[in-house]
>>> print(open('model34.txt').read())   # compact mmCIF, C-alpha atoms and all ligand atoms
# COMPACT_ATOMS: atom_id res chain seq x y z
CA MET Q 61 -30.02 -37.70 26.92
CA SER Q 62 -29.34 -41.15 25.47
CA LEU Q 63 -25.74 -42.33 25.56
CA GLU Q 64 -25.92 -43.72 22.06
CA PHE Q 65 -24.55 -41.19 19.60
CA THR Q 66 -22.13 -40.43 16.76
CA HIS Q 67 -19.85 -37.48 17.33
CA GLU Q 68 -17.38 -36.00 14.91
CA THR Q 69 -14.50 -33.91 16.24
CA LEU Q 70 -12.99 -31.52 13.70
CA GLY Q 71 -9.19 -31.43 13.55
CA GLN Q 72 -7.63 -28.02 14.11
CA ARG Q 73 -4.63 -26.51 15.84
CA VAL Q 74 -5.61 -23.81 18.33
CA LEU Q 75 -2.99 -21.37 19.60
CA PHE Q 76 -4.16 -19.12 22.41
CA GLY Q 77 -2.20 -16.30 24.00
CA SER Q 78 -2.60 -12.55 24.57
CA GLY Q 79 0.02 -10.53 22.73
CA LYS Q 80 1.27 -13.64 20.93
CA ALA Q 81 -0.58 -13.59 17.58
CA GLY Q 82 2.36 -12.14 15.61
CA GLN Q 83 4.81 -14.72 16.94
CA HIS Q 84 2.33 -17.58 16.59
CA LEU Q 85 1.49 -16.64 13.01
CA ALA Q 86 5.13 -16.41 11.88
CA GLU Q 87 5.96 -19.76 13.54
CA GLU Q 88 2.91 -21.46 12.10
CA ILE Q 89 3.65 -20.29 8.55
CA ARG Q 90 7.23 -21.52 8.90
CA THR Q 91 6.02 -24.93 10.11
CA MET Q 92 3.57 -25.21 7.22
CA GLY Q 93 6.31 -24.24 4.74
CA ALA Q 94 4.08 -21.69 2.98
CA SER Q 95 5.75 -18.98 0.90
CA LYS Q 96 2.90 -17.15 -0.88
CA VAL Q 97 0.61 -15.74 1.78
CA MET Q 98 -2.64 -13.91 1.01
CA LEU Q 99 -3.51 -11.71 3.99
CA ILE Q 100 -7.26 -11.05 4.11
CA ALA Q 101 -8.63 -8.27 6.34
CA SER Q 102 -11.23 -5.55 5.74
CA GLU Q 103 -10.11 -1.90 5.59
CA ALA Q 104 -11.30 -1.44 9.18
CA GLU Q 105 -9.26 -4.47 10.31
CA SER Q 106 -6.13 -3.59 8.30
CA ALA Q 107 -4.18 -2.00 11.17
CA ILE Q 108 -4.70 -5.12 13.33
CA ALA Q 109 -3.75 -7.36 10.39
CA GLU Q 110 -0.57 -5.42 9.65
CA SER Q 111 0.55 -5.67 13.25
CA VAL Q 112 -0.16 -9.41 13.39
CA ALA Q 113 1.65 -10.04 10.08
CA ARG Q 114 4.63 -7.81 10.87
CA ASP Q 115 7.10 -10.74 10.62
CA VAL Q 116 5.45 -12.38 7.62
CA ASP Q 117 6.40 -12.07 3.98
CA VAL Q 118 2.97 -11.26 2.50
CA ALA Q 119 2.49 -11.89 -1.24
CA LEU Q 120 -0.96 -10.28 -1.44
CA THR Q 121 -2.89 -8.06 0.97
CA TYR Q 122 -6.61 -8.26 0.24
CA SER Q 123 -9.28 -6.00 1.79
CA ASP Q 124 -12.39 -6.30 -0.42
CA VAL Q 125 -14.48 -7.85 2.38
CA ALA Q 126 -18.27 -7.42 2.79
CA PRO Q 127 -20.85 -8.90 5.18
CA HIS Q 128 -22.33 -12.31 4.26
CA VAL Q 129 -19.73 -12.92 1.49
CA PRO Q 130 -21.36 -11.69 -1.73
CA ALA Q 131 -20.70 -14.27 -4.49
CA GLU Q 132 -19.07 -11.73 -6.83
CA LYS Q 133 -16.59 -10.72 -4.10
CA ALA Q 134 -15.77 -14.38 -3.53
CA GLU Q 135 -15.07 -14.81 -7.25
CA LYS Q 136 -12.77 -11.75 -7.31
CA ALA Q 137 -10.84 -13.01 -4.29
CA ARG Q 138 -10.48 -16.49 -5.85
CA SER Q 139 -9.10 -14.97 -9.07
CA ALA Q 140 -6.66 -12.78 -7.11
CA ALA Q 141 -5.41 -15.83 -5.16
CA ALA Q 142 -4.90 -17.81 -8.39
CA GLU Q 143 -3.12 -14.90 -10.17
CA HIS Q 144 -0.64 -14.55 -7.30
CA GLY Q 145 0.04 -18.28 -6.92
CA ILE Q 146 -1.10 -18.15 -3.28
CA ASP Q 147 -0.37 -21.20 -1.12
CA LEU Q 148 -1.79 -20.04 2.23
CA LEU Q 149 -4.75 -17.84 3.26
CA VAL Q 150 -4.44 -15.83 6.46
CA SER Q 151 -7.63 -14.09 7.64
CA VAL Q 152 -7.47 -11.44 10.35
CA GLY Q 153 -10.89 -10.10 11.35
CA GLY Q 154 -14.50 -10.93 12.16
CA GLY Q 155 -16.82 -13.53 10.67
CA SER Q 156 -17.13 -11.64 7.36
CA THR Q 157 -13.36 -11.76 6.80
CA THR Q 158 -13.08 -15.41 7.84
CA GLY Q 159 -16.03 -16.05 5.53
CA LEU Q 160 -14.18 -14.63 2.51
CA ALA Q 161 -11.13 -16.81 3.24
CA LYS Q 162 -13.47 -19.81 3.44
CA ALA Q 163 -15.02 -18.93 0.08
CA VAL Q 164 -11.55 -18.99 -1.52
CA ALA Q 165 -10.65 -22.25 0.25
CA LEU Q 166 -13.91 -23.85 -0.85
CA THR Q 167 -12.93 -23.83 -4.53
CA SER Q 168 -9.12 -23.83 -4.26
CA GLY Q 169 -8.52 -26.18 -1.33
CA LEU Q 170 -5.95 -23.69 0.05
CA PRO Q 171 -5.30 -23.96 3.80
CA ILE Q 172 -6.42 -21.15 6.12
CA ILE Q 173 -4.88 -19.73 9.26
CA ALA Q 174 -7.65 -17.74 10.95
CA VAL Q 175 -6.97 -14.94 13.41
CA PRO Q 176 -10.40 -13.90 14.72
CA THR Q 177 -11.06 -10.44 16.14
CA THR Q 178 -14.74 -10.89 17.15
CA TYR Q 179 -16.68 -13.64 18.96
CA ALA Q 180 -18.61 -14.91 15.89
CA GLY Q 181 -16.79 -18.25 15.90
CA SER Q 182 -16.64 -18.95 12.16
CA GLU Q 183 -12.96 -19.87 12.54
CA ALA Q 184 -13.82 -23.11 14.34
CA THR Q 185 -16.45 -24.44 11.94
CA ASN Q 186 -16.50 -26.20 8.57
CA VAL Q 187 -19.53 -24.12 7.54
CA TRP Q 188 -19.30 -21.69 4.61
CA GLY Q 189 -21.79 -19.03 3.51
CA LEU Q 190 -22.26 -17.13 0.24
CA THR Q 191 -24.86 -14.55 -0.75
CA GLU Q 192 -26.28 -14.08 -4.21
CA GLY Q 193 -28.83 -11.28 -4.49
CA ALA Q 194 -30.97 -11.59 -1.36
CA ARG Q 195 -30.33 -15.33 -1.00
CA LYS Q 196 -27.77 -16.67 1.42
CA THR Q 197 -26.60 -20.23 0.87
CA THR Q 198 -24.61 -22.15 3.47
CA GLY Q 199 -22.95 -25.52 3.30
CA ILE Q 200 -20.51 -27.82 5.05
CA ASP Q 201 -17.13 -28.66 3.55
CA SER Q 202 -13.97 -29.83 5.27
CA ARG Q 203 -11.87 -27.65 2.92
CA VAL Q 204 -13.12 -24.46 4.63
CA LEU Q 205 -12.17 -25.47 8.17
CA PRO Q 206 -9.12 -23.36 9.08
CA ALA Q 207 -6.06 -25.56 9.71
CA THR Q 208 -4.97 -23.30 12.56
CA VAL Q 209 -6.76 -20.73 14.70
CA ILE Q 210 -4.75 -18.08 16.51
CA TYR Q 211 -6.55 -16.39 19.41
CA ASP Q 212 -5.10 -13.22 20.92
CA ALA Q 213 -7.34 -11.19 23.21
CA ASP Q 214 -5.26 -8.04 22.54
CA LEU Q 215 -6.72 -7.98 19.02
CA THR Q 216 -10.25 -7.66 20.41
CA LEU Q 217 -9.58 -4.70 22.71
CA SER Q 218 -10.67 -2.30 19.97
CA LEU Q 219 -14.01 -4.05 19.42
CA PRO Q 220 -16.59 -1.55 20.76
CA VAL Q 221 -18.52 -2.71 23.83
CA GLU Q 222 -21.86 -2.76 22.00
CA LEU Q 223 -20.47 -4.95 19.23
CA SER Q 224 -18.63 -7.12 21.77
CA VAL Q 225 -21.92 -7.72 23.59
CA ALA Q 226 -23.84 -8.57 20.42
CA SER Q 227 -21.03 -10.75 19.09
CA GLY Q 228 -20.61 -12.52 22.45
CA LEU Q 229 -24.35 -13.23 22.61
CA ASN Q 230 -24.07 -14.62 19.07
CA GLY Q 231 -21.54 -17.06 20.55
CA LEU Q 232 -23.86 -17.79 23.47
CA ALA Q 233 -26.62 -18.58 20.98
CA HIS Q 234 -24.39 -21.24 19.39
CA CYS Q 235 -24.06 -22.85 22.83
CA VAL Q 236 -27.76 -22.75 23.70
CA ASP Q 237 -28.99 -23.89 20.29
CA SER Q 238 -26.50 -26.79 20.31
CA MET Q 239 -28.52 -28.36 23.12
CA TRP Q 240 -31.38 -29.26 20.78
CA ALA Q 241 -29.85 -29.03 17.30
CA PRO Q 242 -30.11 -32.05 14.94
CA ARG Q 243 -26.80 -33.64 16.01
CA ALA Q 244 -26.97 -32.68 19.70
CA ASP Q 245 -24.99 -35.14 21.82
CA PRO Q 246 -23.41 -35.21 25.29
CA ILE Q 247 -20.02 -34.05 23.99
CA ASN Q 248 -21.22 -30.90 22.27
CA ALA Q 249 -23.61 -30.27 25.17
CA ALA Q 250 -20.61 -30.31 27.53
CA LEU Q 251 -18.68 -27.92 25.27
CA GLY Q 252 -21.73 -25.68 24.92
CA ALA Q 253 -22.25 -25.54 28.69
CA GLU Q 254 -18.62 -24.56 29.26
CA GLY Q 255 -19.02 -21.94 26.52
CA ILE Q 256 -22.04 -20.46 28.35
CA ARG Q 257 -20.07 -20.41 31.60
CA ALA Q 258 -17.13 -18.62 29.96
CA LEU Q 259 -19.26 -16.04 28.12
CA ASN Q 260 -21.44 -15.43 31.17
CA ARG Q 261 -18.28 -14.55 33.07
CA GLY Q 262 -16.37 -12.76 30.30
CA LEU Q 263 -19.00 -10.48 28.75
CA PRO Q 264 -19.93 -8.56 31.94
CA LEU Q 265 -16.21 -8.02 32.58
CA ILE Q 266 -15.86 -6.50 29.10
CA LYS Q 267 -18.82 -4.22 29.81
CA GLN Q 268 -17.23 -3.06 33.07
CA ASP Q 269 -13.70 -2.80 31.74
CA PRO Q 270 -13.47 -2.96 27.92
CA THR Q 271 -9.67 -2.88 27.90
CA GLY Q 272 -9.20 -5.47 30.65
CA HIS Q 273 -7.71 -8.79 29.61
CA GLU Q 274 -9.68 -11.27 31.70
CA GLY Q 275 -13.07 -10.56 30.13
CA ARG Q 276 -11.64 -10.51 26.61
CA GLU Q 277 -9.81 -13.82 27.10
CA MET Q 278 -12.84 -15.53 28.65
CA ALA Q 279 -15.05 -14.29 25.81
CA LEU Q 280 -12.66 -15.60 23.13
CA TYR Q 281 -12.38 -18.94 24.91
CA GLY Q 282 -16.19 -19.09 25.15
CA ALA Q 283 -16.55 -18.09 21.50
CA TYR Q 284 -14.28 -20.95 20.43
CA LEU Q 285 -16.21 -23.51 22.52
CA SER Q 286 -19.50 -22.18 21.22
CA ALA Q 287 -18.38 -22.63 17.62
CA VAL Q 288 -17.08 -26.15 18.21
CA ALA Q 289 -20.41 -27.09 19.82
CA PHE Q 290 -22.33 -25.49 16.93
CA ALA Q 291 -20.22 -27.12 14.21
CA SER Q 292 -20.78 -30.49 15.81
CA ALA Q 293 -24.48 -30.14 16.71
CA GLY Q 294 -25.67 -28.27 13.60
CA SER Q 295 -28.27 -25.51 13.28
CA GLY Q 296 -31.20 -25.59 15.67
CA LEU Q 297 -34.37 -23.49 15.65
CA HIS Q 298 -32.55 -20.33 16.75
CA HIS Q 299 -30.10 -20.44 13.85
CA LYS Q 300 -32.84 -21.23 11.36
CA ILE Q 301 -34.78 -18.15 12.48
CA CYS Q 302 -31.74 -15.85 12.38
CA HIS Q 303 -30.63 -17.24 9.02
CA VAL Q 304 -34.05 -16.42 7.53
CA LEU Q 305 -34.11 -12.90 9.01
CA GLY Q 306 -30.52 -12.16 7.97
CA GLY Q 307 -30.82 -13.66 4.50
CA THR Q 308 -34.24 -12.29 3.56
CA TRP Q 309 -34.24 -8.86 5.24
CA ASN Q 310 -30.49 -8.27 5.58
CA MET Q 311 -30.72 -7.97 9.37
CA PRO Q 312 -27.36 -7.46 11.14
CA HIS Q 313 -25.95 -10.86 12.13
CA ALA Q 314 -24.76 -10.51 15.72
CA GLU Q 315 -27.56 -8.16 16.84
CA THR Q 316 -30.25 -10.45 15.39
CA HIS Q 317 -28.82 -13.46 17.24
CA ALA Q 318 -28.53 -11.45 20.45
CA THR Q 319 -32.17 -10.32 20.23
CA VAL Q 320 -33.81 -13.61 19.21
CA LEU Q 321 -32.02 -15.90 21.70
CA PRO Q 322 -34.16 -15.29 24.83
CA TYR Q 323 -37.34 -15.95 22.82
CA VAL Q 324 -36.11 -19.30 21.48
CA LEU Q 325 -34.89 -20.31 24.93
CA ALA Q 326 -38.23 -19.43 26.54
CA PHE Q 327 -40.06 -21.22 23.70
CA ASN Q 328 -38.08 -24.48 23.91
CA ALA Q 329 -36.99 -24.74 27.55
CA PRO Q 330 -40.28 -26.11 29.00
CA GLN Q 331 -40.15 -29.01 26.50
CA ALA Q 332 -36.44 -29.67 27.01
CA PRO Q 333 -35.96 -29.96 30.79
CA GLU Q 334 -32.57 -31.67 30.61
CA ALA Q 335 -31.13 -29.01 28.30
CA ALA Q 336 -32.75 -26.26 30.37
CA ALA Q 337 -31.19 -27.61 33.57
CA ARG Q 338 -27.79 -27.77 31.92
CA ILE Q 339 -28.08 -24.19 30.62
CA ALA Q 340 -29.26 -22.99 34.05
CA GLY Q 341 -26.30 -24.71 35.72
CA ALA Q 342 -23.89 -23.08 33.28
CA PHE Q 343 -25.35 -19.68 34.15
CA GLY Q 344 -25.07 -20.52 37.86
CA SER Q 345 -28.83 -20.02 38.12
CA ASP Q 346 -31.84 -22.14 39.11
CA ASP Q 347 -33.56 -21.34 35.86
CA ALA Q 348 -32.19 -21.08 32.31
CA ASN Q 349 -34.39 -18.12 31.32
CA ASP Q 350 -33.53 -16.22 34.51
CA GLY Q 351 -29.83 -16.86 33.95
CA LEU Q 352 -29.98 -15.41 30.43
CA ARG Q 353 -32.19 -12.51 31.56
CA GLN Q 354 -29.72 -11.53 34.28
CA LEU Q 355 -26.80 -11.63 31.86
CA ARG Q 356 -28.70 -9.60 29.26
CA GLU Q 357 -29.63 -7.00 31.86
CA ALA Q 358 -26.01 -6.68 32.98
CA LEU Q 359 -24.98 -6.19 29.36
CA ASP Q 360 -27.83 -3.90 28.32
CA ALA Q 361 -28.26 -6.32 25.41
CA PRO Q 362 -30.22 -5.59 22.21
CA ARG Q 363 -33.94 -6.14 22.92
CA ALA Q 364 -36.22 -5.75 19.92
CA LEU Q 365 -35.96 -6.75 16.26
CA GLN Q 366 -37.81 -3.56 15.29
CA ASP Q 367 -34.67 -1.65 16.35
CA PHE Q 368 -32.76 -3.41 13.55
CA GLY Q 369 -35.22 -2.91 10.69
CA PHE Q 370 -37.56 -5.88 11.13
CA LYS Q 371 -41.25 -5.08 10.58
CA ALA Q 372 -44.58 -6.68 11.57
CA GLU Q 373 -45.55 -7.10 7.91
CA TYR Q 374 -42.54 -9.42 7.35
CA ILE Q 375 -43.77 -11.94 9.94
CA PRO Q 376 -46.14 -14.07 7.78
CA GLU Q 377 -43.43 -14.64 5.14
CA ALA Q 378 -40.79 -15.26 7.81
CA VAL Q 379 -43.02 -17.83 9.52
CA GLN Q 380 -43.54 -19.70 6.26
CA ILE Q 381 -39.83 -19.91 5.45
CA ILE Q 382 -38.86 -20.82 9.04
CA LEU Q 383 -41.53 -23.54 9.30
CA ALA Q 384 -40.05 -25.30 6.28
CA ALA Q 385 -36.60 -25.24 7.90
CA VAL Q 386 -37.34 -26.17 11.55
CA PRO Q 387 -35.26 -29.25 12.46
CA GLU Q 388 -37.16 -32.35 13.47
CA SER Q 389 -35.05 -32.44 16.61
CA ASN Q 390 -36.66 -29.28 17.98
CA PRO Q 391 -38.19 -30.14 21.34
CA ARG Q 392 -41.33 -28.06 20.78
CA LYS Q 393 -43.52 -28.54 17.75
CA CYS Q 394 -43.60 -25.35 15.70
CA THR Q 395 -46.85 -24.11 14.19
CA PRO Q 396 -47.68 -20.95 12.23
CA GLU Q 397 -49.42 -19.65 15.37
CA ASN Q 398 -46.64 -20.21 17.91
CA LEU Q 399 -43.92 -18.98 15.53
CA THR Q 400 -45.97 -15.84 14.87
CA THR Q 401 -46.19 -15.30 18.63
CA LEU Q 402 -42.43 -15.81 18.98
CA LEU Q 403 -41.53 -13.38 16.19
CA THR Q 404 -44.06 -10.80 17.34
CA ALA Q 405 -42.62 -10.86 20.86
CA ALA Q 406 -39.07 -10.58 19.49
CA LEU Q 407 -40.12 -7.75 17.16
CA GLN Q 408 -41.48 -5.71 20.04
CA GLY Q 409 -39.02 -6.73 22.73
CA ASP Q 410 -41.80 -8.24 24.91
CA ASN Q 411 -41.03 -10.27 27.99
CA PRO Q 412 -39.95 -13.72 26.65
CA LYS Q 413 -41.88 -15.36 29.52
CA ILE Q 414 -45.10 -15.24 27.50
CA LEU Q 415 -43.67 -17.99 25.28
CA SER Q 416 -43.22 -20.44 28.14
CA ASP Q 417 -46.90 -20.44 29.06
P1 LIG E 501 -18.16 -8.81 10.95
O1 LIG E 501 -17.05 -9.71 10.58
O2 LIG E 501 -18.97 -8.27 9.83
O3 LIG E 501 -17.56 -7.64 11.84
C1 LIG E 501 -18.40 -6.63 12.35
C2 LIG E 501 -17.66 -5.29 12.35
O4 LIG E 501 -16.66 -5.31 13.35
C3 LIG E 501 -16.97 -4.97 11.04
O5 LIG E 501 -17.21 -3.62 10.72
C4 LIG E 501 -15.50 -5.19 11.36
O6 LIG E 501 -14.66 -4.39 10.58
C5 LIG E 501 -15.44 -4.80 12.81
N1 LIG E 501 -14.38 -5.41 13.60
C6 LIG E 501 -13.99 -6.70 13.61
N2 LIG E 501 -13.04 -6.90 14.53
C7 LIG E 501 -12.81 -5.71 15.13
C8 LIG E 501 -11.96 -5.28 16.19
N3 LIG E 501 -11.18 -6.14 16.85
N4 LIG E 501 -11.99 -3.98 16.54
C9 LIG E 501 -12.83 -3.12 15.92
N5 LIG E 501 -13.67 -3.47 14.93
C10 LIG E 501 -13.67 -4.75 14.54
O7 LIG E 501 -19.20 -9.49 11.95
P2 LIG E 501 -19.14 -10.84 12.81
O8 LIG E 501 -20.31 -10.77 13.72
O9 LIG E 501 -17.80 -11.08 13.35
O10 LIG E 501 -19.40 -11.98 11.72
C11 LIG E 501 -20.65 -12.10 11.09
C12 LIG E 501 -20.53 -12.94 9.84
O11 LIG E 501 -19.91 -14.18 10.14
C13 LIG E 501 -21.89 -13.26 9.22
O12 LIG E 501 -21.81 -13.19 7.82
C14 LIG E 501 -22.14 -14.69 9.67
O13 LIG E 501 -23.00 -15.38 8.81
C15 LIG E 501 -20.74 -15.24 9.68
N6 LIG E 501 -20.58 -16.38 10.61
C16 LIG E 501 -20.28 -17.58 10.05
C17 LIG E 501 -20.13 -18.68 10.87
C18 LIG E 501 -19.75 -19.99 10.23
O14 LIG E 501 -19.62 -20.98 10.94
N7 LIG E 501 -19.57 -20.04 8.93
C19 LIG E 501 -20.28 -18.59 12.26
C20 LIG E 501 -20.59 -17.34 12.80
C21 LIG E 501 -20.73 -16.23 11.95
>>> encode(input="model34.txt", output="structure tokens")
Amino acid sequence: MSLEFTHETLGQRVLFGSGKAGQHLAEEIRTMGASKVMLIASEAESAIAESVARDVDVALTYSDVAPHVPAEKAEKARSAAAEHGIDLLVSVGGGSTTGLAKAVALTSGLPIIAVPTTYAGSEATNVWGLTEGARKTTGIDSRVLPATVIYDADLTLSLPVELSVASGLNGLAHCVDSMWAPRADPINAALGAEGIRALNRGLPLIKQDPTGHEGREMALYGAYLSAVAFASAGSGLHHKICHVLGGTWNMPHAETHATVLPYVLAFNAPQAPEAAARIAGAFGSDDANDGLRQLREALDAPRALQDFGFKAEYIPEAVQIILAAVPESNPRKCTPENLTTLLTAALQGDNPKILSD
């Protein structure tokens, strides 16, 4: 990797501590001097949100959250914030909840304190997403970057193991894809490698002991690093593929990332030896693909896109849309033929090795 690069570090306060989210949130709001707090959490996340905000004077509790931030829900939330004279957004939940807070911040400029409860990582990026009909639009805007992120592993103890695995592999995908994304540089590669190391350690511990603290803390730490690497490096081939599948066929976010990752790694690794060596080292393995395979086996990770509603007849259209979006930085040239092979293997859950040949 050349040592000539431009790297942008996003400014955020990160407060990390198990059992400390309530205290950290109250202190942070006091420091910011906010008095009209909008607490955003889905119905399913409301109990966690109430416990975190127990010492906060909440002006508006808002729960109309849906996956991929439908534009009409964003509009409703923006109107509610304006009607209540809100001066601070607090999101407590997964990427969908953080996404709604970002949609409000995008047009209002209101600051966000994000309290994540999954490993999606949206809290550490300046990327927003909105869905209109079947079309998902994403963009970059500094207004949507949460001012403060509060990590508390206790809040993730209730995340079911299956969802923890998929969400954690979504984080791992940010790390791996950062190695060859358009703005890949040595700084985000270092963050991504440390993210892989943390997730590779944390996720198996969660599988073995879902209520243990060590695995949950390592996974949150890894999720944060993964998101910082992703925000800095941009979307690589993996994210382009998952974005197309999620946006066009409404595939579940975390599970799609978890399933597609080994195929993109096997596809790109032979053409990106430096990145592959770095990924292998982070896994503590001699080979990047073997490292990921071993982790996925330990986690009993999602294997085939057909298990999540993807169908063979979607592949030609998917290939067309992906081809138009593949970043120039991708180490392997994409063609209709090799992308069809990749998607067919991912659809069926074939051994990713066939893509390295
Ligand atoms: P999600 O937010 O939809 O949450 C998945 C499910 O887990 C929901 O039913 C939620 O209620 C539940 N849940 C969340 N925390 C829980 C907990 N602690 N215990 C029990 N249940 C819990 O899914 P996600 O994977 O966190 O986020 C996916 C969304 O985030 C997608 O829309 C994706 O595009 C977006 N995202 C955006 C960025 C970005 O940088 N903008 C990055 C990553 C993901």
>>> residues_around(input="model34.txt", residues="Pro246 of chain Q", least_positions_apart="2", cutoff="8 Å", atoms="only C-alpha atoms", output="ChimeraX atom specification")
/Q:61,63,244,248-250
>>> atom_distance(input="model34.txt", atom1="atom CA of Pro312 of chain Q", atom2="atom CA of Leu232 of chain Q")
16.5 Å
>>> atom_distance(input="model34.txt", atom1="atom CA of Gly272 of chain Q", atom2="atom O12 of ligand LIG 501 (chain E)")
27.2 Å
>>> atom_distance(input="model34.txt", atom1="atom CA of Ala241 of chain Q", atom2="atom CA of Met278 of chain Q")
24.5 Å
>>> closest_residue(input="model34.txt", among="Q:His84, Q:Lys162, Q:Arg261, Q:Lys371", to="Trp309 of chain Q", atoms="only C-alpha atoms")
Q:Lys371
>>> residues_near_ligand(input="model34.txt", ligand="ligand LIG 501 (chain E)", cutoff="8 Å", atoms="all atoms listed in the file", output="ChimeraX atom specification")
/Q:102-105,108,126-129,153-159,176-189,198,215-220,223,226-227,230-231,287,290-291,303,313-314
>>> residues_around(input="model34.txt", residues="Asn411 of chain Q", least_positions_apart="5", cutoff="10 Å", atoms="only C-alpha atoms", output="ChimeraX atom specification")
/Q:322-323,326,353,363,405-406
>>> closest_residue(input="model34.txt", among="Q:Leu407, Q:Met239, Q:Ala131, Q:Val320", to="Ala335 of chain Q", atoms="all atoms listed in the file")
Q:Met239
>>> build_atoms(input="model34.txt", residues="segment 307-318 of chain Q", atoms="N, CA, C and O atoms", output="compact mmCIF listing (two decimals), keeping the file's coordinate frame")
# COMPACT_ATOMS: atom_id res chain seq x y z
N GLY Q 307 -30.89 -13.44 5.94
CA GLY Q 307 -30.82 -13.66 4.50
C GLY Q 307 -31.91 -12.92 3.75
O GLY Q 307 -31.67 -12.35 2.68
N THR Q 308 -33.12 -12.85 4.31
CA THR Q 308 -34.24 -12.29 3.56
C THR Q 308 -34.36 -10.77 3.76
O THR Q 308 -34.72 -10.05 2.84
N TRP Q 309 -34.07 -10.30 4.97
CA TRP Q 309 -34.24 -8.86 5.24
C TRP Q 309 -32.94 -8.16 5.63
O TRP Q 309 -32.95 -7.06 6.16
N ASN Q 310 -31.82 -8.86 5.37
CA ASN Q 310 -30.49 -8.27 5.58
C ASN Q 310 -30.31 -7.71 6.99
O ASN Q 310 -29.73 -6.65 7.19
N MET Q 311 -30.85 -8.43 7.97
CA MET Q 311 -30.72 -7.97 9.37
C MET Q 311 -29.27 -8.18 9.82
O MET Q 311 -28.62 -9.15 9.41
N PRO Q 312 -28.75 -7.30 10.69
CA PRO Q 312 -27.36 -7.46 11.14
C PRO Q 312 -27.19 -8.77 11.93
O PRO Q 312 -28.01 -9.09 12.79
N HIS Q 313 -26.11 -9.49 11.63
CA HIS Q 313 -25.95 -10.86 12.13
C HIS Q 313 -25.94 -10.96 13.66
O HIS Q 313 -26.80 -11.61 14.26
N ALA Q 314 -24.94 -10.32 14.27
CA ALA Q 314 -24.76 -10.51 15.72
C ALA Q 314 -25.96 -9.97 16.51
O ALA Q 314 -26.45 -10.61 17.45
N GLU Q 315 -26.45 -8.80 16.12
CA GLU Q 315 -27.56 -8.16 16.84
C GLU Q 315 -28.83 -9.01 16.73
O GLU Q 315 -29.62 -9.10 17.69
N THR Q 316 -29.06 -9.61 15.58
CA THR Q 316 -30.25 -10.45 15.39
C THR Q 316 -30.17 -11.68 16.31
O THR Q 316 -31.13 -12.01 17.01
N HIS Q 317 -29.00 -12.31 16.34
CA HIS Q 317 -28.82 -13.46 17.24
C HIS Q 317 -29.05 -13.03 18.70
O HIS Q 317 -29.72 -13.73 19.46
N ALA Q 318 -28.45 -11.91 19.06
CA ALA Q 318 -28.53 -11.45 20.45
C ALA Q 318 -29.97 -11.18 20.85
O ALA Q 318 -30.38 -11.45 21.99
